[in-house]
Each structure stands twice: as structure tokens, then as C-alpha cells.
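Trainee: Below is one structure. I have some questions about it.
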Amino acid sequence: MSLDRRRAALWLAMGLGPEWVLRDDVVDGAAAASARSPVDASTLEGHSAAARAAAIAGMAWDELEAAVAACTACSLCKTRTQTVFGVGSRTAPWMLIGEAPGAEEDARGEPFVGQAGRLLDNMLASIGRSRRADASQSVFIANVLKCRPPGNRNPQPDEVAACEPFLLRQIELVRPQLVLVMGRFAAQAVLRTDAPISALRGRVHRLRVGDGEVPAIVTYHPAYLLRNLADKAKSWADLCLALDVEAAAASRA
Ligand code: SF4
């Protein structure tokens with residue numbers, strides 16, 4: 001699916017041109033590593049939030065995964081069965097970001113399983129993508145929170161703040177060409193906004209990652225789509241926008 005000039009002009013005419021979102025806090029790995037304080041990365045405990053974030057910003061994949069598994073930075077560590085780190089290729093061109101693990105994810109240690117996960121897999125398959133790390137067009141899937149909020153309640157601001165360094169490091173390590181943010185909560189957390197999802201969809205946001213920027217598209221959470229089938233067409237439009245943005249970037253490369 002390529003983006004020709006006519007289609008690009010159409011996107012712009014529809015007001016779907018890039019919306020630049022400056023994320024000064026998105027971690028620049030080199031800068032963070034140079035500013036890294038002597039924090040024991042295996043524990044990350046007993047340090048200021050800034051020192052902890054700087055330590056996480058310098059982690060490699062294995063170190064990061066171990067730090068998440070051992071994390072006790074917020075109260076969700078007391079009720080989780082296990083942490084849910086993420087799944088897919090760690091060099092995937094697309095990164096998908098959801099809200100938080102639910103009961104099934106907490107039990108299995110993988111994001112987006114169960115009915116919503118199957119819907120997501122079907123949506124990805126329709127555009128030739130897969131969460132399988134060995135797939136030719138793999139995606140990496142992670143959540144804003146790595147631990148399940150009890151009773152699937154909404155994440156609290158202190159939990160999001162404590163977990164954010166992990167997600168930021170994941171984004172930087174994957175270095176995706178595109179980020180697809182699923183659901184109102186994830187979109188508001190990643191884009192740092194209170195805007196409703198209706199105002200966030202249909203635009204190209206930009207996340208600053210390291211010394212570059214990554215386009216971000218907002219779409220509905222698959223669990224929402226299960227309850228609101230009429231909005232599936234809108235989520236298809238979001239995927240098409242993501243494909244167009246990717247194609248446009250490839251044509252410029
Ligand atoms: S939700 Fe994030 S910050 Fe809280 S305990 Fe789990 S991994 Fe740590």
C-alpha cells in the first residue's frame with residue numbers, strides 16, 4: 001500500500017498531517033548513560049526517581065528484562081502474579097503499546113492474550129504483521145504498565161510514573177519506525193495529554209526517541225473494539241494511516 005502524492009495531499013487536506021509532539025523526557029540513551037549515577041541496576045531500589053530512570057536508560061535488553069521482573073517500585077508488585085515485559089521482535093519496525101496486563105496476561109506473562117489478543121492478532125495478520133519474533137514483519141508489543149492493576153482498575157499516576165522509564169527504554173531499544181498506541185489510557189500516557197481518543201486518532205504524532213523522532217498513531221484498544229464492533233472500521237482506517245505513514249517514510253529514505 002503506497003502513499004502517492006495525491007493521497008498525501010488528501011491526508012493533508014483532511015487535516016491528517018503530522019502533529020509534532022515534543023517529548024523532552026523521552027530518554028536519550030547516550031545522554032542518559034553519560035549522566036548515569038552509580039545505581040545498582042539489579043536492584044534499582046533506594047534511589048531517587050531520577051537516578052533510577054538514568055540507570056534504566058542505560059540498560060541493555062537482558063538487564064532491562066531482569067529489572068522489570070524484580071521491580072518493586074510501585075504497589076502493583078504486591079498483587080501481580082508476574083510482570084509482563086513484552087513480546088515480539090526486539091528489532092521490529094512497529095511497536096505497539098497498550099495499557100496494562102489484565103487477568104489472562106498476568107497469568108501467562110504475555111501482553112494481549114485472550115479474546116482481545118486474538119482480535120489484535122487478526123488485525124495484524126490482515127496487514128501481514130505478527131507478534132511472532134521470527135515473522136518477516138514482526139511487531140513488538142508492550143504495555144505502559146508491566147504489572148496488572150487489581151480488578152483491572154485504571155492505572156494510577158504514581159504507577160505510570162514509576163513504570164515509565166521501562167517503556168521509554170523499550171522504545172529506544174526497539175527503535176521502531178512507527179509506534180501504534182492502543183486505547184485512550186495508553187495514548188494519554190504516551191503522548192502526555194488529557195485529550196480524548198477521538199481527538200488523538202487520525203493524526204500523526206511524533207515521539208522523540210534518542211536523537212530521532214518516531215511517528216505515533218493512536219487507535220482503539222482491541223478490548224474496546226470487542227464491545228463496540230461499529231468502531232472496527234475506524235481501527236482499520238488507523239491501520240491504513242499507519243501503513244501510509246510507513247510507506248511515505250520508506251519512499252523518502
Ligand atoms: S507496574 Fe512497573 S513500576 Fe510498578 S511494580 Fe510493576 S514493573 Fe515496577
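Order determines the names: the first chain of the C-alpha cells is A, the second B, and so forth; residues in each chain are numbered 1 upward, and ligands are numbered 1 upward as they are shown.
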Please, which residues have at least one atom within 9 Å of an atom of ligand 1, using only C-alpha atoms and all ligand atoms, listed as a ChimeraX atom specification?
Mentor: /A:67-78,80,82-85,100,144-149,155,158-166
Trainee: With C-alpha atoms retained, could you export that selection as a CSV table (one decimal), in the first residue's frame?
Mentor:
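Written file, again-v6.csv:
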chain,number,residue,atom,x,y,z
A,67,ALA,CA,15.0,-5.2,36.3
A,68,VAL,CA,11.3,-5.3,35.3
A,69,ALA,CA,10.9,-8.9,36.7
A,70,ALA,CA,12.4,-7.7,40.0
A,71,CYS,CA,10.7,-4.3,40.2
A,72,THR,CA,9.0,-3.2,43.4
A,73,ALA,CA,8.8,0.4,42.5
A,74,CYS,CA,5.0,0.6,42.9
A,75,SER,CA,2.4,-1.2,44.9
A,76,LEU,CA,1.3,-3.3,41.9
A,77,CYS,CA,4.3,-5.6,42.7
A,78,LYS,CA,2.3,-6.9,45.7
A,80,ARG,CA,0.9,-9.3,40.4
A,82,GLN,CA,4.3,-12.0,37.3
A,83,THR,CA,5.5,-9.0,35.3
A,84,VAL,CA,4.5,-8.7,31.6
A,85,PHE,CA,7.6,-7.4,29.8
A,100,ALA,CA,-1.6,-2.8,31.3
A,144,VAL,CA,2.5,1.2,29.7
A,145,LEU,CA,2.4,-0.8,33.0
A,146,LYS,CA,4.2,-4.1,33.4
A,147,CYS,CA,2.0,-5.3,36.3
A,148,ARG,CA,-1.7,-5.9,36.4
A,149,PRO,CA,-3.8,-3.3,38.3
A,155,PRO,CA,-3.7,2.7,36.4
A,158,ASP,CA,2.2,7.2,40.5
A,159,GLU,CA,2.2,3.7,38.9
A,160,VAL,CA,2.6,5.2,35.4
A,161,ALA,CA,5.4,7.4,36.6
A,162,ALA,CA,7.2,4.5,38.3
A,163,CYS,CA,6.9,2.3,35.2
A,164,GLU,CA,7.5,4.9,32.5
A,165,PRO,CA,11.3,4.5,32.4
A,166,PHE,CA,10.9,0.9,31.4
Trainee: Neighbouring residues of His221 in chain A were defined as those with any atom within 7 Å, considering only C-alpha atoms; residues of the same chain fewer than 3 positions away were excluded. Please report them as a PDB file with N, CA and C atoms, in the first residue's frame.
Mentor:
ATOM      1  N   MET A 182      -2.467   1.924  21.567  1.00  0.00           N
ATOM      2  CA  MET A 182      -3.820   1.351  21.566  1.00  0.00           C
ATOM      3  C   MET A 182      -4.590   1.717  22.831  1.00  0.00           C
ATOM      4  N   GLY A 183      -5.656   2.469  22.617  1.00  0.00           N
ATOM      5  CA  GLY A 183      -6.548   2.797  23.724  1.00  0.00           C
ATOM      6  C   GLY A 183      -6.305   4.171  24.309  1.00  0.00           C
ATOM      7  N   TYR A 224     -11.775  -2.703  23.677  1.00  0.00           N
ATOM      8  CA  TYR A 224     -12.859  -1.750  23.384  1.00  0.00           C
ATOM      9  C   TYR A 224     -13.590  -2.174  22.115  1.00  0.00           C
ATOM     10  N   LEU A 225     -12.831  -2.613  21.117  1.00  0.00           N
ATOM     11  CA  LEU A 225     -13.460  -2.993  19.848  1.00  0.00           C
ATOM     12  C   LEU A 225     -14.376  -4.192  20.024  1.00  0.00           C
TER      13      LEU A 225
END
Trainee: Nearest residue to Trp61 in chain A out of A:Ala116, A:Ala125, A:Ile171, A:Val245, using only C-alpha atoms?
Mentor: A:Ile171
Trainee: Residues of range 40-94 of chain A in alpha helix (DSSP H) according to DSSP, as a PDB file with N, CA and C atoms, in the first residue's frame?
Mentor:
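In the end it all went to part.pdb:
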ATOM      1  N   ALA A  49      14.083   8.939  41.995  1.00  0.00           N
ATOM      2  CA  ALA A  49      13.445   8.590  40.725  1.00  0.00           C
ATOM      3  C   ALA A  49      14.348   8.938  39.553  1.00  0.00           C
ATOM      4  N   ALA A  50      15.066  10.057  39.664  1.00  0.00           N
ATOM      5  CA  ALA A  50      15.936  10.476  38.563  1.00  0.00           C
ATOM      6  C   ALA A  50      17.103   9.510  38.387  1.00  0.00           C
ATOM      7  N   ALA A  51      17.703   9.080  39.503  1.00  0.00           N
ATOM      8  CA  ALA A  51      18.826   8.144  39.418  1.00  0.00           C
ATOM      9  C   ALA A  51      18.353   6.797  38.882  1.00  0.00           C
ATOM     10  N   ARG A  52      17.173   6.376  39.339  1.00  0.00           N
ATOM     11  CA  ARG A  52      16.619   5.107  38.849  1.00  0.00           C
ATOM     12  C   ARG A  52      16.355   5.190  37.349  1.00  0.00           C
ATOM     13  N   ALA A  53      15.736   6.305  36.909  1.00  0.00           N
ATOM     14  CA  ALA A  53      15.435   6.464  35.485  1.00  0.00           C
ATOM     15  C   ALA A  53      16.713   6.486  34.659  1.00  0.00           C
ATOM     16  N   ALA A  54      17.744   7.150  35.175  1.00  0.00           N
ATOM     17  CA  ALA A  54      19.001   7.219  34.439  1.00  0.00           C
ATOM     18  C   ALA A  54      19.638   5.842  34.329  1.00  0.00           C
ATOM     19  N   ALA A  55      19.536   5.047  35.402  1.00  0.00           N
ATOM     20  CA  ALA A  55      20.092   3.693  35.361  1.00  0.00           C
ATOM     21  C   ALA A  55      19.343   2.846  34.339  1.00  0.00           C
ATOM     22  N   ILE A  56      18.026   2.956  34.341  1.00  0.00           N
ATOM     23  CA  ILE A  56      17.216   2.176  33.382  1.00  0.00           C
ATOM     24  C   ILE A  56      17.537   2.609  31.951  1.00  0.00           C
ATOM     25  N   ALA A  57      17.767   3.905  31.764  1.00  0.00           N
ATOM     26  CA  ALA A  57      18.029   4.427  30.418  1.00  0.00           C
ATOM     27  C   ALA A  57      19.320   3.886  29.818  1.00  0.00           C
ATOM     28  N   TRP A  61      18.923  -5.045  26.813  1.00  0.00           N
ATOM     29  CA  TRP A  61      17.675  -5.811  26.902  1.00  0.00           C
ATOM     30  C   TRP A  61      17.631  -6.756  28.103  1.00  0.00           C
ATOM     31  N   ASP A  62      18.655  -7.584  28.254  1.00  0.00           N
ATOM     32  CA  ASP A  62      18.615  -8.594  29.319  1.00  0.00           C
ATOM     33  C   ASP A  62      18.532  -7.944  30.694  1.00  0.00           C
ATOM     34  N   GLU A  63      19.313  -6.879  30.845  1.00  0.00           N
ATOM     35  CA  GLU A  63      19.334  -6.144  32.110  1.00  0.00           C
ATOM     36  C   GLU A  63      17.963  -5.515  32.376  1.00  0.00           C
ATOM     37  N   LEU A  64      17.379  -4.979  31.334  1.00  0.00           N
ATOM     38  CA  LEU A  64      16.074  -4.326  31.457  1.00  0.00           C
ATOM     39  C   LEU A  64      15.000  -5.348  31.833  1.00  0.00           C
ATOM     40  N   GLU A  65      15.028  -6.493  31.187  1.00  0.00           N
ATOM     41  CA  GLU A  65      14.025  -7.523  31.466  1.00  0.00           C
ATOM     42  C   GLU A  65      14.158  -8.015  32.910  1.00  0.00           C
ATOM     43  N   ALA A  66      15.384  -8.161  33.359  1.00  0.00           N
ATOM     44  CA  ALA A  66      15.603  -8.604  34.743  1.00  0.00           C
ATOM     45  C   ALA A  66      15.144  -7.537  35.733  1.00  0.00           C
ATOM     46  N   ALA A  67      15.385  -6.285  35.391  1.00  0.00           N
ATOM     47  CA  ALA A  67      14.978  -5.195  36.287  1.00  0.00           C
ATOM     48  C   ALA A  67      13.459  -5.115  36.397  1.00  0.00           C
ATOM     49  N   VAL A  68      12.768  -5.320  35.289  1.00  0.00           N
ATOM     50  CA  VAL A  68      11.294  -5.321  35.327  1.00  0.00           C
ATOM     51  C   VAL A  68      10.805  -6.480  36.187  1.00  0.00           C
ATOM     52  N   ALA A  69      11.368  -7.656  35.983  1.00  0.00           N
ATOM     53  CA  ALA A  69      10.925  -8.856  36.724  1.00  0.00           C
ATOM     54  C   ALA A  69      11.099  -8.678  38.229  1.00  0.00           C
TER      55      ALA A  69
END
Trainee: Find the residues around Gly114 in chain A up to 12 Å (only C-alpha atoms counted), leave out those fewer than 4 positions away in its own chain, and share them as an NGL selection string.
Mentor: :A and (101-108 or 110 or 118-121 or 222-223 or 226)
Trainee: Using N, CA and C atoms, can you write the selected residues to a file as a PDB file, in the first residue's frame?
Mentor:
ATOM      1  N   PRO A 101      -1.418  -5.148  31.822  1.00  0.00           N
ATOM      2  CA  PRO A 101      -1.879  -6.539  31.755  1.00  0.00           C
ATOM      3  C   PRO A 101      -3.243  -6.692  32.425  1.00  0.00           C
ATOM      4  N   GLY A 102      -4.058  -7.583  31.857  1.00  0.00           N
ATOM      5  CA  GLY A 102      -5.295  -7.991  32.508  1.00  0.00           C
ATOM      6  C   GLY A 102      -5.064  -9.322  33.201  1.00  0.00           C
ATOM      7  N   ALA A 103      -6.160  -9.964  33.575  1.00  0.00           N
ATOM      8  CA  ALA A 103      -6.029 -11.208  34.331  1.00  0.00           C
ATOM      9  C   ALA A 103      -5.299 -12.289  33.539  1.00  0.00           C
ATOM     10  N   GLU A 104      -5.655 -12.448  32.273  1.00  0.00           N
ATOM     11  CA  GLU A 104      -5.014 -13.507  31.483  1.00  0.00           C
ATOM     12  C   GLU A 104      -3.548 -13.195  31.206  1.00  0.00           C
ATOM     13  N   GLU A 105      -3.268 -11.927  30.969  1.00  0.00           N
ATOM     14  CA  GLU A 105      -1.872 -11.535  30.723  1.00  0.00           C
ATOM     15  C   GLU A 105      -1.038 -11.735  31.977  1.00  0.00           C
ATOM     16  N   ASP A 106      -1.629 -11.411  33.119  1.00  0.00           N
ATOM     17  CA  ASP A 106      -0.942 -11.587  34.403  1.00  0.00           C
ATOM     18  C   ASP A 106      -0.635 -13.065  34.636  1.00  0.00           C
ATOM     19  N   ALA A 107      -1.555 -13.932  34.221  1.00  0.00           N
ATOM     20  CA  ALA A 107      -1.363 -15.362  34.421  1.00  0.00           C
ATOM     21  C   ALA A 107      -0.328 -15.939  33.460  1.00  0.00           C
ATOM     22  N   ARG A 108      -0.316 -15.418  32.241  1.00  0.00           N
ATOM     23  CA  ARG A 108       0.559 -16.010  31.213  1.00  0.00           C
ATOM     24  C   ARG A 108       1.853 -15.252  30.990  1.00  0.00           C
ATOM     25  N   GLU A 110       2.272 -12.593  29.174  1.00  0.00           N
ATOM     26  CA  GLU A 110       2.382 -12.062  27.815  1.00  0.00           C
ATOM     27  C   GLU A 110       1.285 -11.030  27.592  1.00  0.00           C
ATOM     28  N   ARG A 118      -6.581 -12.164  20.530  1.00  0.00           N
ATOM     29  CA  ARG A 118      -6.876 -12.825  19.246  1.00  0.00           C
ATOM     30  C   ARG A 118      -7.347 -11.800  18.216  1.00  0.00           C
ATOM     31  N   LEU A 119      -8.151 -10.846  18.670  1.00  0.00           N
ATOM     32  CA  LEU A 119      -8.590  -9.798  17.739  1.00  0.00           C
ATOM     33  C   LEU A 119      -7.385  -9.002  17.240  1.00  0.00           C
ATOM     34  N   LEU A 120      -6.495  -8.660  18.155  1.00  0.00           N
ATOM     35  CA  LEU A 120      -5.301  -7.920  17.747  1.00  0.00           C
ATOM     36  C   LEU A 120      -4.477  -8.735  16.749  1.00  0.00           C
ATOM     37  N   ASP A 121      -4.302 -10.027  17.026  1.00  0.00           N
ATOM     38  CA  ASP A 121      -3.538 -10.872  16.102  1.00  0.00           C
ATOM     39  C   ASP A 121      -4.189 -10.908  14.723  1.00  0.00           C
ATOM     40  N   PRO A 222      -8.047  -3.184  21.483  1.00  0.00           N
ATOM     41  CA  PRO A 222      -8.847  -4.315  20.995  1.00  0.00           C
ATOM     42  C   PRO A 222      -9.979  -4.702  21.949  1.00  0.00           C
ATOM     43  N   ALA A 223      -9.777  -4.555  23.247  1.00  0.00           N
ATOM     44  CA  ALA A 223     -10.854  -4.888  24.186  1.00  0.00           C
ATOM     45  C   ALA A 223     -12.047  -3.955  23.997  1.00  0.00           C
ATOM     46  N   LEU A 226     -14.040  -5.072  20.956  1.00  0.00           N
ATOM     47  CA  LEU A 226     -14.910  -6.225  21.202  1.00  0.00           C
ATOM     48  C   LEU A 226     -16.280  -5.779  21.702  1.00  0.00           C
TER      49      LEU A 226
END
Trainee: Kindly give the distance, in Å, that separates CA of Pro93 in chain A and CA of Leu167 in chain A, rounded to a single decimal.
Mentor: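 If I compute the distance from CA of Pro93 in chain A to CA of Leu167 in chain A, I get 16.4 Å.
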Trainee: Which one of A:Ala142, A:Leu96, A:Val218, A:Leu173 sits closest to Leu241 in chain A if you count only C-alpha atoms?
Mentor: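 Closest candidate: A:Val218.
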Trainee: Output as a list in words all residues of range 74-133 of chain A that backbone DSSP marks as strand (DSSP E or B).
Mentor: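 Selection result, strand (DSSP E or B) within range 74-133 of chain A: Val87, Gly88, Trp94, Met95, Leu96, Ile97, Gly98 and Ser130 of chain A.
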Trainee: Take the residues from that selection and write them out as a PDB file, in the first residue's frame, keeping N, CA and C atoms.
Mentor:
ATOM      1  N   VAL A  87       6.441  -8.709  24.023  1.00  0.00           N
ATOM      2  CA  VAL A  87       6.582  -9.866  23.141  1.00  0.00           C
ATOM      3  C   VAL A  87       6.839  -9.376  21.720  1.00  0.00           C
ATOM      4  N   GLY A  88       7.530 -10.190  20.953  1.00  0.00           N
ATOM      5  CA  GLY A  88       7.785  -9.847  19.560  1.00  0.00           C
ATOM      6  C   GLY A  88       9.261  -9.622  19.300  1.00  0.00           C
ATOM      7  N   TRP A  94       7.596  -1.996  13.806  1.00  0.00           N
ATOM      8  CA  TRP A  94       6.471  -1.389  14.504  1.00  0.00           C
ATOM      9  C   TRP A  94       6.499  -1.800  15.966  1.00  0.00           C
ATOM     10  N   MET A  95       6.173  -0.841  16.829  1.00  0.00           N
ATOM     11  CA  MET A  95       5.981  -1.148  18.246  1.00  0.00           C
ATOM     12  C   MET A  95       4.557  -0.772  18.625  1.00  0.00           C
ATOM     13  N   LEU A  96       3.874  -1.703  19.274  1.00  0.00           N
ATOM     14  CA  LEU A  96       2.501  -1.489  19.730  1.00  0.00           C
ATOM     15  C   LEU A  96       2.515  -1.307  21.246  1.00  0.00           C
ATOM     16  N   ILE A  97       1.768  -0.316  21.714  1.00  0.00           N
ATOM     17  CA  ILE A  97       1.754  -0.031  23.153  1.00  0.00           C
ATOM     18  C   ILE A  97       0.319  -0.025  23.660  1.00  0.00           C
ATOM     19  N   GLY A  98       0.057  -0.870  24.650  1.00  0.00           N
ATOM     20  CA  GLY A  98      -1.249  -0.930  25.279  1.00  0.00           C
ATOM     21  C   GLY A  98      -1.205  -0.394  26.698  1.00  0.00           C
ATOM     22  N   SER A 130       2.805  -9.744  12.565  1.00  0.00           N
ATOM     23  CA  SER A 130       2.632 -10.780  13.566  1.00  0.00           C
ATOM     24  C   SER A 130       3.467 -10.450  14.793  1.00  0.00           C
TER      25      SER A 130
END
Trainee: May I ask for the distance between CA of Ala92 in chain A and CA of Arg129 in chain A, given in Å to one decimal place?
Mentor: 10.1 Å
Trainee: Point out the residue among A:Ile127, A:Ala249, A:Leu229, A:Ala186 with the least atom-to-atom distance to Val214 in chain A, counting only C-alpha atoms.
Mentor: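 Ranking A:Ile127, A:Ala249, A:Leu229, A:Ala186 by distance to Val214 in chain A, first place goes to A:Ala249.
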Trainee: Rounded to one decimal, what separation in Å do you get between CA of Lys234 in chain A and CA of Ala248 in chain A?
Mentor: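 According to the coordinates, CA of Lys234 in chain A and CA of Ala248 in chain A are separated by 20.8 Å.
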Trainee: Hey, which of A:Gly86, A:Gly202, A:Gly212, A:Gly128 ends up closest to Gln170 in chain A? Count only C-alpha atoms.
Mentor: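 Smallest distance to Gln170 in chain A is found for A:Gly86.
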Trainee: Measuring between only C-alpha atoms, which one of A:Pro157, A:Pro111, A:Pro215, A:Pro196 shows the shortest distance to Arg175 in chain A?
Mentor: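 With only C-alpha atoms as the atom set, the closest residue is A:Pro215.
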Trainee: Can you list, as a VMD selection string, every protein, DNA or RNA residue that comes within 7 Å of Glu172 in chain A when you count only C-alpha atoms, leaving out same-chain residues fewer than 3 positions away?
Mentor: chain A and resid 168 to 169 175 209 to 210
Trainee: Once you have the residues from the selection above, write them out as a compact mmCIF listing (two decimals), in the first residue's frame, restricted to C-alpha atoms.
Mentor:
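Output file again.txt follows:
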# COMPACT_ATOMS: atom_id res chain seq x y z
CA LEU A 168 10.86 4.58 27.35
CA ARG A 169 13.89 2.30 27.34
CA ARG A 175 13.93 1.97 17.73
CA VAL A 209 13.47 8.87 20.77
CA GLY A 210 17.15 9.42 21.33
Trainee: Could you give me, as a list of chain:residue names, the residues within 9 Å of Arg132 in chain A, counting only C-alpha atoms and dropping anything in the same chain fewer than 5 positions from it?
Mentor: A:Val87, A:Gly88, A:Ser89, A:Gln137, A:Ser138, A:Val139, A:Phe140
